[in-house]
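Structure file coords.cif (mmCIF, N, CA and C atoms) follows.
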```cif
data_data
loop_
_atom_site.label_atom_id
_atom_site.label_comp_id
_atom_site.auth_asym_id
_atom_site.auth_seq_id
_atom_site.Cartn_x
_atom_site.Cartn_y
_atom_site.Cartn_z
N MET N 1 89.79 118.96 119.50
CA MET N 1 88.91 118.10 118.73
C MET N 1 89.57 117.72 117.40
N GLN N 2 90.35 118.62 116.86
CA GLN N 2 91.06 118.35 115.61
C GLN N 2 92.02 117.16 115.80
N LYS N 3 92.65 117.10 116.96
CA LYS N 3 93.56 115.98 117.24
C LYS N 3 92.80 114.66 117.32
N GLN N 4 91.58 114.70 117.84
CA GLN N 4 90.76 113.49 117.92
C GLN N 4 90.41 112.98 116.52
N VAL N 5 90.09 113.90 115.63
CA VAL N 5 89.74 113.52 114.26
C VAL N 5 90.95 112.90 113.57
N LEU N 6 92.10 113.53 113.71
CA LEU N 6 93.32 113.00 113.09
C LEU N 6 93.70 111.65 113.69
N SER N 7 93.54 111.52 114.99
CA SER N 7 93.83 110.25 115.66
C SER N 7 92.90 109.14 115.15
N LEU N 8 91.63 109.46 114.97
CA LEU N 8 90.67 108.47 114.46
C LEU N 8 91.04 108.06 113.03
N TYR N 9 91.43 109.04 112.21
CA TYR N 9 91.83 108.75 110.83
C TYR N 9 93.02 107.78 110.81
N ARG N 10 94.02 108.07 111.63
CA ARG N 10 95.20 107.21 111.69
C ARG N 10 94.86 105.81 112.20
N ALA N 11 93.94 105.75 113.16
CA ALA N 11 93.52 104.45 113.70
C ALA N 11 92.84 103.62 112.62
N PHE N 12 92.05 104.26 111.76
CA PHE N 12 91.42 103.54 110.64
C PHE N 12 92.49 102.98 109.71
N LEU N 13 93.49 103.78 109.41
CA LEU N 13 94.55 103.31 108.50
C LEU N 13 95.34 102.17 109.13
N ARG N 14 95.59 102.24 110.43
CA ARG N 14 96.28 101.14 111.11
C ARG N 14 95.42 99.87 111.10
N ALA N 15 94.13 100.02 111.33
CA ALA N 15 93.24 98.85 111.33
C ALA N 15 93.15 98.23 109.94
N ALA N 16 93.25 99.06 108.90
CA ALA N 16 93.18 98.55 107.53
C ALA N 16 94.38 97.67 107.20
N ARG N 17 95.50 97.90 107.87
CA ARG N 17 96.70 97.10 107.62
C ARG N 17 96.51 95.62 107.95
N SER N 18 95.56 95.33 108.82
CA SER N 18 95.35 93.93 109.23
C SER N 18 94.49 93.16 108.24
N LYS N 19 94.00 93.82 107.20
CA LYS N 19 93.13 93.17 106.21
C LYS N 19 93.95 92.75 104.99
N SER N 20 93.32 92.01 104.10
CA SER N 20 94.01 91.58 102.88
C SER N 20 94.37 92.80 102.04
N PRO N 21 95.36 92.69 101.16
CA PRO N 21 95.77 93.85 100.35
C PRO N 21 94.62 94.47 99.54
N GLN N 22 93.76 93.63 98.99
CA GLN N 22 92.63 94.16 98.20
C GLN N 22 91.65 94.90 99.12
N ASP N 23 91.31 94.29 100.25
CA ASP N 23 90.40 94.94 101.19
C ASP N 23 91.03 96.19 101.77
N ARG N 24 92.32 96.12 102.04
CA ARG N 24 93.03 97.27 102.61
C ARG N 24 92.93 98.48 101.68
N SER N 25 93.14 98.26 100.40
CA SER N 25 93.07 99.35 99.43
C SER N 25 91.67 99.97 99.40
N ARG N 26 90.65 99.12 99.40
CA ARG N 26 89.27 99.62 99.39
C ARG N 26 88.96 100.39 100.66
N ILE N 27 89.39 99.87 101.79
CA ILE N 27 89.12 100.52 103.07
C ILE N 27 89.83 101.87 103.14
N GLU N 28 91.08 101.92 102.74
CA GLU N 28 91.83 103.19 102.76
C GLU N 28 91.18 104.23 101.86
N SER N 29 90.73 103.82 100.68
CA SER N 29 90.05 104.75 99.77
C SER N 29 88.76 105.26 100.38
N PHE N 30 87.99 104.34 100.96
CA PHE N 30 86.71 104.72 101.57
C PHE N 30 86.92 105.68 102.74
N VAL N 31 87.87 105.37 103.61
CA VAL N 31 88.13 106.20 104.78
C VAL N 31 88.58 107.59 104.34
N SER N 32 89.48 107.65 103.40
CA SER N 32 89.96 108.94 102.90
C SER N 32 88.81 109.76 102.32
N ALA N 33 87.98 109.13 101.51
CA ALA N 33 86.85 109.83 100.88
C ALA N 33 85.85 110.32 101.94
N GLU N 34 85.58 109.49 102.94
CA GLU N 34 84.63 109.88 104.00
C GLU N 34 85.15 111.07 104.80
N PHE N 35 86.41 111.03 105.18
CA PHE N 35 86.96 112.13 105.95
C PHE N 35 86.99 113.42 105.12
N ARG N 36 87.34 113.32 103.85
CA ARG N 36 87.34 114.51 102.99
C ARG N 36 85.93 115.06 102.80
N ARG N 37 84.97 114.16 102.57
CA ARG N 37 83.58 114.59 102.37
C ARG N 37 83.07 115.31 103.61
N ASN N 38 83.32 114.73 104.77
CA ASN N 38 82.85 115.35 106.01
C ASN N 38 83.58 116.65 106.31
N SER N 39 84.85 116.74 105.95
CA SER N 39 85.58 117.98 106.22
C SER N 39 85.04 119.13 105.38
N LYS N 40 84.50 118.81 104.22
CA LYS N 40 83.94 119.86 103.35
C LYS N 40 82.49 120.18 103.68
N SER N 41 81.75 119.21 104.21
CA SER N 41 80.31 119.41 104.40
C SER N 41 79.93 119.85 105.82
N VAL N 42 80.83 119.68 106.78
CA VAL N 42 80.51 120.02 108.17
C VAL N 42 81.27 121.29 108.55
N GLU N 43 80.53 122.26 109.10
CA GLU N 43 81.18 123.49 109.53
C GLU N 43 82.08 123.22 110.73
N ARG N 44 83.20 123.88 110.78
CA ARG N 44 84.18 123.65 111.85
C ARG N 44 83.64 124.03 113.23
N LYS N 45 82.66 124.90 113.27
CA LYS N 45 82.11 125.33 114.56
C LYS N 45 80.91 124.50 114.99
N ASN N 46 80.52 123.54 114.18
CA ASN N 46 79.39 122.68 114.51
C ASN N 46 79.89 121.50 115.36
N PHE N 47 80.19 121.80 116.63
CA PHE N 47 80.82 120.82 117.51
C PHE N 47 79.94 119.61 117.77
N LEU N 48 78.63 119.82 117.87
CA LEU N 48 77.74 118.69 118.13
C LEU N 48 77.80 117.66 117.00
N HIS N 49 77.79 118.14 115.78
CA HIS N 49 77.84 117.23 114.63
C HIS N 49 79.20 116.54 114.54
N ILE N 50 80.25 117.29 114.82
CA ILE N 50 81.60 116.70 114.79
C ILE N 50 81.73 115.63 115.87
N GLU N 51 81.20 115.91 117.05
CA GLU N 51 81.25 114.91 118.12
C GLU N 51 80.44 113.67 117.74
N TYR N 52 79.30 113.87 117.10
CA TYR N 52 78.50 112.74 116.63
C TYR N 52 79.30 111.91 115.62
N LEU N 53 79.95 112.57 114.67
CA LEU N 53 80.74 111.85 113.67
C LEU N 53 81.90 111.11 114.31
N LEU N 54 82.51 111.69 115.33
CA LEU N 54 83.59 111.00 116.05
C LEU N 54 83.08 109.74 116.73
N ARG N 55 81.92 109.84 117.39
CA ARG N 55 81.35 108.65 118.05
C ARG N 55 81.01 107.58 117.03
N ARG N 56 80.40 107.99 115.92
CA ARG N 56 80.05 107.04 114.86
C ARG N 56 81.30 106.40 114.27
N GLY N 57 82.34 107.21 114.07
CA GLY N 57 83.59 106.70 113.53
C GLY N 57 84.24 105.69 114.46
N LYS N 58 84.19 105.95 115.77
CA LYS N 58 84.78 105.02 116.73
C LYS N 58 84.04 103.68 116.72
N LYS N 59 82.73 103.73 116.55
CA LYS N 59 81.96 102.48 116.46
C LYS N 59 82.33 101.71 115.20
N GLN N 60 82.48 102.44 114.08
CA GLN N 60 82.87 101.79 112.84
C GLN N 60 84.28 101.21 112.95
N LEU N 61 85.16 101.92 113.64
CA LEU N 61 86.52 101.43 113.83
C LEU N 61 86.53 100.14 114.64
N ASP N 62 85.71 100.08 115.68
CA ASP N 62 85.61 98.85 116.47
C ASP N 62 85.13 97.69 115.60
N GLN N 63 84.18 97.96 114.72
CA GLN N 63 83.70 96.91 113.82
C GLN N 63 84.79 96.49 112.85
N LEU N 64 85.54 97.45 112.34
CA LEU N 64 86.60 97.15 111.38
C LEU N 64 87.70 96.30 112.02
N LYS N 65 87.95 96.49 113.29
CA LYS N 65 88.99 95.73 113.97
C LYS N 65 88.62 94.25 114.12
N SER N 66 87.35 93.93 113.96
CA SER N 66 86.92 92.54 114.05
C SER N 66 87.53 91.74 112.90
N PRO N 67 88.04 90.55 113.16
CA PRO N 67 88.65 89.74 112.09
C PRO N 67 87.66 89.34 111.00
N ASP N 68 86.36 89.33 111.33
CA ASP N 68 85.35 88.92 110.35
C ASP N 68 84.98 90.04 109.39
N THR N 69 85.34 91.27 109.71
CA THR N 69 84.98 92.42 108.88
C THR N 69 85.99 92.59 107.75
N VAL N 70 85.47 92.75 106.53
CA VAL N 70 86.36 92.92 105.37
C VAL N 70 86.18 94.28 104.70
N GLY N 71 85.25 95.11 105.18
CA GLY N 71 85.06 96.41 104.56
C GLY N 71 84.15 97.30 105.37
N LEU N 72 83.91 98.50 104.86
CA LEU N 72 83.05 99.48 105.50
C LEU N 72 82.04 99.99 104.48
N SER N 73 80.96 100.56 105.00
CA SER N 73 80.01 101.22 104.12
C SER N 73 79.52 102.47 104.82
N SER N 74 78.85 103.32 104.08
CA SER N 74 78.40 104.59 104.62
C SER N 74 76.92 104.77 104.39
N LEU N 75 76.27 105.39 105.36
CA LEU N 75 74.87 105.74 105.24
C LEU N 75 74.80 107.25 105.27
N ASN N 76 74.28 107.85 104.22
CA ASN N 76 74.16 109.30 104.17
C ASN N 76 72.81 109.72 104.73
N VAL N 77 72.83 110.62 105.69
CA VAL N 77 71.61 111.11 106.30
C VAL N 77 71.52 112.60 106.03
N ARG N 78 70.39 113.01 105.50
CA ARG N 78 70.18 114.42 105.21
C ARG N 78 69.82 115.12 106.50
N THR N 79 70.52 116.20 106.83
CA THR N 79 70.27 116.91 108.08
C THR N 79 69.43 118.16 107.88
N GLU N 80 69.17 118.54 106.66
CA GLU N 80 68.36 119.72 106.37
C GLU N 80 67.01 119.30 105.86
N ASN N 81 66.02 120.16 106.03
CA ASN N 81 64.69 119.88 105.49
C ASN N 81 64.70 120.11 103.99
N PRO N 82 64.00 119.25 103.21
CA PRO N 82 64.00 119.42 101.74
C PRO N 82 63.27 120.66 101.30
#
```
I'd like the structure from this file rewritten - as structure tokens, please.
Amino acid sequence: MQKQVLSLYRAFLRAARSKSPQDRSRIESFVSAEFRRNSKSVERKNFLHIEYLLRRGKKQLDQLKSPDTVGLSSLNVRTENP
């Protein structure tokens, strides 16, 4: 599963190369921040959540590959009860 996460990260960086330099910089910063945030907030043994994040990431990657897409955004969902 670790290889899948790394592969997805690299795919995002490759997809960012097809965008304008300004958009590319923003996308790379966003992707890096998202992966770091998730690596700190998700337990390594929580396979269901990691698989969910992988599926969500693949969908976002498909959107990013579209020529009309110039950036990404994130929706934070609280998984614990307040």
(message) For a quick check of understanding, using only C-alpha atoms, which of N:Ser66, N:Gln2, N:Asn46, N:Gln60 has the smallest distance to Val31 of chain N?
(response) N:Gln60
(message) Nearest residue to Arg24 of chain N out of N:Ile50, N:Leu61, N:Leu72, N:Val42, using only C-alpha atoms?
(response) N:Leu72
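Straight-line separation from atom N of Ala33 of chain N to atom N of Met1 of chain N: 20.6 Å.
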(message) To test your reading of the syntax: which residues would the PyMOL selection byres (((chain N and resi 12 and name CA) around 12) and name CA) return for the file shown? Reply as JSON, numbers by chain.
(response) {"N": [5, 6, 7, 8, 9, 10, 11, 13, 14, 15, 16, 17, 18, 19, 24, 27, 28, 29, 30, 31, 32, 34, 35, 57, 58, 59, 60, 61, 62, 63, 64, 65, 71, 72]}
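In this structure, atom C of Asp68 of chain N sits 14.6 Å away from atom CA of Pro21 of chain N.
Taking atom CA of Gln4 of chain N and atom C of Ser25 of chain N as the two end points, the separation is 22.9 Å.
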